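Here the structure is laid out as structure tokens; the discussion comes afterwards.
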Amino acid sequence: MSGMWTVKVLSLGVVALFLGVELLGRLLRRLRPPVTLNEVLFFPSEVACVEHVFTSLSPRSCLCPLPHGAETSLSRLLHRILSTSSSLDLCVFAFSNVNLSRAVLALHARGVTVRVLTDKHYVAIPGSQIGVLRKAGICARYDASSVHMHHKFALVDGRLLVTGSLNWTQTAVQSNMENVLVTEEPDLVRPFIEEFHRLWESNDPARCLRPK
């Protein structure tokens, strides 16, 4: 009898120990700070099909001659931009890359609030996507100062910063040595939010380039 009792006590002790370890693990996971996203992308990007970024279809379903299924700097950048759920603030010197324009247009079509700041000298250059964004109903303002608005950054939902040397152009993406930093570090994101707000407010809303 005493032996059976001993076995039962030991069994209960093992179960209690297991439950205690499990509860402790859950508590530690809750107390552990969330992982902050920090990512660096380098360009030029490998030339590859990015249709799978825009659709749920398998990369194999696209019949274009480019390589399929490759994860490139451009595809990773597109994924970050398309992760936007509520707002995208874009401050960019030159914007002619069609795939990045597709991403911004897709966000606008989903109801995401998109604001674009650009340089006044690059609004209407050949290949500029600013006119395409305007026609879709996206508000774009240009900097009216005498110096170039040379920023290249985007703010995703006010929590994610995308910045670096990369102009949003075909040449920069495929031909130049460029860098992009993607970060959720609040101390880095916050100053860019403040700078975008300052530039947005400092430009006369009458200069808002609305669709014709």
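As shown in the structure tokens, the chain order sets the letters A, B, ...; within each chain, residues go from 1, and ligands are also counted from 1 in the order they appear.
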- Item | For Glu195 (chain A): contacts at 12 Å, only C-alpha atoms, fewer than 2 positions along chain excluded, given as a list in words |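 Answer for this query is Asp89, Leu90, Cys91, Leu117, His151, Phe153, Ala154, Leu155, Leu188, Val189, Arg190, Pro191, Phe192, Ile193, His197, Arg198, Leu199, Trp200, Glu201 and Ser202 of chain A.
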- Tell me, as an MDAnalysis selection string, which residues lie within 9 Å of Val112 (chain A), counting only C-alpha atoms; anything in the same chain fewer than 3 positions away does not count. chainID A and resid 84:88 106:109
Written file, previous selection with all heavy atoms, as a PDB file, in the first residue's frame:
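The resulting file, out_12.pdb, is shown below:
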```
ATOM      1  N   THR A  84       1.900  47.632 -44.993  1.00  0.00           N
ATOM      2  CA  THR A  84       1.163  48.776 -44.458  1.00  0.00           C
ATOM      3  C   THR A  84      -0.314  48.437 -44.297  1.00  0.00           C
ATOM      4  O   THR A  84      -0.926  47.847 -45.192  1.00  0.00           O
ATOM      5  CB  THR A  84       1.292  49.988 -45.406  1.00  0.00           C
ATOM      6  OG1 THR A  84       2.669  50.222 -45.675  1.00  0.00           O
ATOM      7  CG2 THR A  84       0.681  51.225 -44.785  1.00  0.00           C
ATOM      8  N   SER A  85      -0.874  48.815 -43.153  1.00  0.00           N
ATOM      9  CA  SER A  85      -2.294  48.545 -42.909  1.00  0.00           C
ATOM     10  C   SER A  85      -3.135  49.814 -42.790  1.00  0.00           C
ATOM     11  O   SER A  85      -4.333  49.783 -43.043  1.00  0.00           O
ATOM     12  CB  SER A  85      -2.468  47.708 -41.637  1.00  0.00           C
ATOM     13  OG  SER A  85      -1.960  48.407 -40.511  1.00  0.00           O
ATOM     14  N   SER A  86      -2.535  50.946 -42.412  1.00  0.00           N
ATOM     15  CA  SER A  86      -3.341  52.156 -42.211  1.00  0.00           C
ATOM     16  C   SER A  86      -2.780  53.393 -42.897  1.00  0.00           C
ATOM     17  O   SER A  86      -3.540  54.174 -43.477  1.00  0.00           O
ATOM     18  CB  SER A  86      -3.502  52.436 -40.711  1.00  0.00           C
ATOM     19  OG  SER A  86      -2.230  52.625 -40.098  1.00  0.00           O
ATOM     20  N   SER A  87      -1.458  53.604 -42.859  1.00  0.00           N
ATOM     21  CA  SER A  87      -0.922  54.829 -43.451  1.00  0.00           C
ATOM     22  C   SER A  87       0.488  54.618 -43.993  1.00  0.00           C
ATOM     23  O   SER A  87       1.291  53.874 -43.417  1.00  0.00           O
ATOM     24  CB  SER A  87      -0.903  55.961 -42.420  1.00  0.00           C
ATOM     25  OG  SER A  87       0.037  55.680 -41.386  1.00  0.00           O
ATOM     26  N   LEU A  88       0.763  55.287 -45.114  1.00  0.00           N
ATOM     27  CA  LEU A  88       2.100  55.306 -45.690  1.00  0.00           C
ATOM     28  C   LEU A  88       2.460  56.751 -45.986  1.00  0.00           C
ATOM     29  O   LEU A  88       1.785  57.425 -46.763  1.00  0.00           O
ATOM     30  CB  LEU A  88       2.160  54.485 -46.986  1.00  0.00           C
ATOM     31  CG  LEU A  88       3.519  54.507 -47.702  1.00  0.00           C
ATOM     32  CD1 LEU A  88       4.555  53.698 -46.922  1.00  0.00           C
ATOM     33  CD2 LEU A  88       3.408  53.972 -49.130  1.00  0.00           C
ATOM     34  N   ALA A 106      -1.529  49.877 -54.861  1.00  0.00           N
ATOM     35  CA  ALA A 106      -2.269  48.777 -54.226  1.00  0.00           C
ATOM     36  C   ALA A 106      -2.698  49.150 -52.819  1.00  0.00           C
ATOM     37  O   ALA A 106      -3.815  48.835 -52.388  1.00  0.00           O
ATOM     38  CB  ALA A 106      -1.407  47.514 -54.204  1.00  0.00           C
ATOM     39  N   LEU A 107      -1.834  49.830 -52.098  1.00  0.00           N
ATOM     40  CA  LEU A 107      -2.188  50.286 -50.748  1.00  0.00           C
ATOM     41  C   LEU A 107      -3.341  51.278 -50.810  1.00  0.00           C
ATOM     42  O   LEU A 107      -4.291  51.200 -50.026  1.00  0.00           O
ATOM     43  CB  LEU A 107      -0.969  50.935 -50.083  1.00  0.00           C
ATOM     44  CG  LEU A 107       0.212  50.014 -49.767  1.00  0.00           C
ATOM     45  CD1 LEU A 107       1.369  50.832 -49.185  1.00  0.00           C
ATOM     46  CD2 LEU A 107      -0.181  48.911 -48.794  1.00  0.00           C
ATOM     47  N   HIS A 108      -3.251  52.220 -51.739  1.00  0.00           N
ATOM     48  CA  HIS A 108      -4.312  53.219 -51.891  1.00  0.00           C
ATOM     49  C   HIS A 108      -5.643  52.541 -52.211  1.00  0.00           C
ATOM     50  O   HIS A 108      -6.695  52.919 -51.657  1.00  0.00           O
ATOM     51  CB  HIS A 108      -3.926  54.198 -53.005  1.00  0.00           C
ATOM     52  CG  HIS A 108      -4.973  55.220 -53.307  1.00  0.00           C
ATOM     53  ND1 HIS A 108      -5.333  56.212 -52.419  1.00  0.00           N
ATOM     54  CD2 HIS A 108      -5.761  55.399 -54.412  1.00  0.00           C
ATOM     55  CE1 HIS A 108      -6.285  56.967 -52.955  1.00  0.00           C
ATOM     56  NE2 HIS A 108      -6.562  56.492 -54.152  1.00  0.00           N
ATOM     57  N   ALA A 109      -5.607  51.534 -53.075  1.00  0.00           N
ATOM     58  CA  ALA A 109      -6.820  50.811 -53.443  1.00  0.00           C
ATOM     59  C   ALA A 109      -7.420  50.065 -52.256  1.00  0.00           C
ATOM     60  O   ALA A 109      -8.632  49.846 -52.196  1.00  0.00           O
ATOM     61  CB  ALA A 109      -6.527  49.830 -54.579  1.00  0.00           C
TER      62      ALA A 109
END
```
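Each of A:Gln129, A:Ser83, A:Asn97, A:Asn179 was checked against Arg110 (chain A) using only C-alpha atoms; the smallest atom-to-atom distance is that of A:Ser83.
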- Message: From the options A:Arg102, A:Lys120, A:Arg115, A:Arg80, which residue's atoms come nearest to Leu41 (chain A), counting only C-alpha atoms?
- Response: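 Checking each candidate against Leu41 (chain A), we get A:Arg80 as the closest.
Between CA of Lys152 (chain A) and CA of Ser45 (chain A) there is a distance of 17.3 Å.
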- Query: Which polymer residues have any atom within 12 Å of an atom of Val92 (chain A), counting only C-alpha atoms, with same-chain residues fewer than 5 positions away left out, as a ChimeraX atom specification?
  - Reply: /A:97,100,115-120,122-123,128-130,140-143,148-155,162-169,196
- Message: Measuring between only C-alpha atoms, which one of A:Glu46, A:Asp157, A:Glu39, A:Glu194 shows the shortest distance to Leu181 (chain A)?
- Response: A:Glu39
- Based on DSSP run over this structure's backbone, return all residues of region 102-151 of chain A in strand (DSSP E or B), as a PyMOL selection string. chain A and resi 113-119+139-143
- Per DSSP on the backbone, what are the alpha helix (DSSP H) residues of region 43-170 of chain A, as a ChimeraX atom specification? /A:51-54,73-82,98-109,130-135,170
Taking N, CA and C atoms for each residue, export the selection above as a short mmCIF file (atom, residue, chain, number, x, y, z; two decimals), in the first residue's frame.
```
data_model
loop_
_atom_site.label_atom_id
_atom_site.label_comp_id
_atom_site.auth_asym_id
_atom_site.auth_seq_id
_atom_site.Cartn_x
_atom_site.Cartn_y
_atom_site.Cartn_z
N GLU A 51 5.94 39.23 -59.40
CA GLU A 51 4.48 39.13 -59.46
C GLU A 51 3.90 38.43 -58.24
N HIS A 52 4.64 37.48 -57.68
CA HIS A 52 4.13 36.75 -56.51
C HIS A 52 3.99 37.65 -55.29
N VAL A 53 4.68 38.80 -55.29
CA VAL A 53 4.57 39.75 -54.17
C VAL A 53 3.19 40.41 -54.19
N PHE A 54 2.65 40.60 -55.38
CA PHE A 54 1.38 41.31 -55.54
C PHE A 54 0.16 40.39 -55.55
N SER A 73 16.43 41.87 -52.98
CA SER A 73 16.30 43.11 -52.20
C SER A 73 15.03 43.85 -52.58
N LEU A 74 14.68 43.85 -53.87
CA LEU A 74 13.46 44.53 -54.30
C LEU A 74 12.22 43.83 -53.75
N SER A 75 12.17 42.51 -53.82
CA SER A 75 10.99 41.80 -53.31
C SER A 75 10.83 41.99 -51.81
N ARG A 76 11.93 42.02 -51.09
CA ARG A 76 11.86 42.24 -49.64
C ARG A 76 11.39 43.65 -49.33
N LEU A 77 11.87 44.64 -50.12
CA LEU A 77 11.41 46.01 -49.94
C LEU A 77 9.92 46.12 -50.24
N LEU A 78 9.47 45.48 -51.30
CA LEU A 78 8.04 45.51 -51.64
C LEU A 78 7.20 44.89 -50.53
N HIS A 79 7.67 43.78 -49.95
CA HIS A 79 6.94 43.15 -48.85
C HIS A 79 6.79 44.11 -47.68
N ARG A 80 7.85 44.86 -47.37
CA ARG A 80 7.78 45.81 -46.25
C ARG A 80 6.78 46.92 -46.54
N ILE A 81 6.80 47.43 -47.77
CA ILE A 81 5.86 48.49 -48.13
C ILE A 81 4.43 47.96 -48.10
N LEU A 82 4.22 46.78 -48.65
CA LEU A 82 2.87 46.21 -48.72
C LEU A 82 2.35 45.72 -47.37
N VAL A 98 8.36 51.25 -61.49
CA VAL A 98 6.97 50.84 -61.72
C VAL A 98 6.48 49.89 -60.63
N ASN A 99 7.31 48.97 -60.19
CA ASN A 99 6.87 48.00 -59.18
C ASN A 99 6.63 48.67 -57.83
N LEU A 100 7.47 49.63 -57.45
CA LEU A 100 7.24 50.36 -56.21
C LEU A 100 5.98 51.22 -56.34
N SER A 101 5.74 51.76 -57.53
CA SER A 101 4.50 52.51 -57.77
C SER A 101 3.29 51.59 -57.65
N ARG A 102 3.39 50.37 -58.18
CA ARG A 102 2.29 49.39 -58.06
C ARG A 102 1.97 49.11 -56.60
N ALA A 103 3.00 49.02 -55.78
CA ALA A 103 2.80 48.75 -54.35
C ALA A 103 2.04 49.90 -53.69
N VAL A 104 2.44 51.13 -54.00
CA VAL A 104 1.76 52.30 -53.42
C VAL A 104 0.32 52.37 -53.90
N LEU A 105 0.10 52.12 -55.18
CA LEU A 105 -1.26 52.13 -55.73
C LEU A 105 -2.13 51.03 -55.11
N ALA A 106 -1.53 49.88 -54.86
CA ALA A 106 -2.27 48.78 -54.23
C ALA A 106 -2.70 49.15 -52.82
N LEU A 107 -1.83 49.83 -52.10
CA LEU A 107 -2.19 50.29 -50.75
C LEU A 107 -3.34 51.28 -50.81
N HIS A 108 -3.25 52.22 -51.74
CA HIS A 108 -4.31 53.22 -51.89
C HIS A 108 -5.64 52.54 -52.21
N ALA A 109 -5.61 51.53 -53.07
CA ALA A 109 -6.82 50.81 -53.44
C ALA A 109 -7.42 50.06 -52.26
N ILE A 130 4.78 60.05 -60.29
CA ILE A 130 3.97 60.98 -59.51
C ILE A 130 2.64 61.25 -60.21
N GLY A 131 2.68 61.42 -61.53
CA GLY A 131 1.44 61.64 -62.27
C GLY A 131 0.49 60.46 -62.17
N VAL A 132 1.04 59.24 -62.17
CA VAL A 132 0.22 58.03 -62.04
C VAL A 132 -0.46 58.02 -60.67
N LEU A 133 0.28 58.38 -59.64
CA LEU A 133 -0.28 58.42 -58.29
C LEU A 133 -1.37 59.49 -58.20
N ARG A 134 -1.12 60.63 -58.84
CA ARG A 134 -2.11 61.72 -58.83
C ARG A 134 -3.42 61.26 -59.45
N LYS A 135 -3.33 60.61 -60.59
CA LYS A 135 -4.54 60.18 -61.30
C LYS A 135 -5.33 59.16 -60.48
N GLN A 170 14.10 53.01 -61.40
CA GLN A 170 14.53 51.77 -62.01
C GLN A 170 16.05 51.66 -61.99
#
```
- Nearest to Gly127 (chain A), restricted to only C-alpha atoms and choosing among A:Leu23, A:Ala94, A:Val180, A:Ala70, comes out as A:Ala94
- Find the distance between CA of Pro67 (chain A) and CA of Ala48 (chain A) and write it in Å to one decimal. 4.9 Å
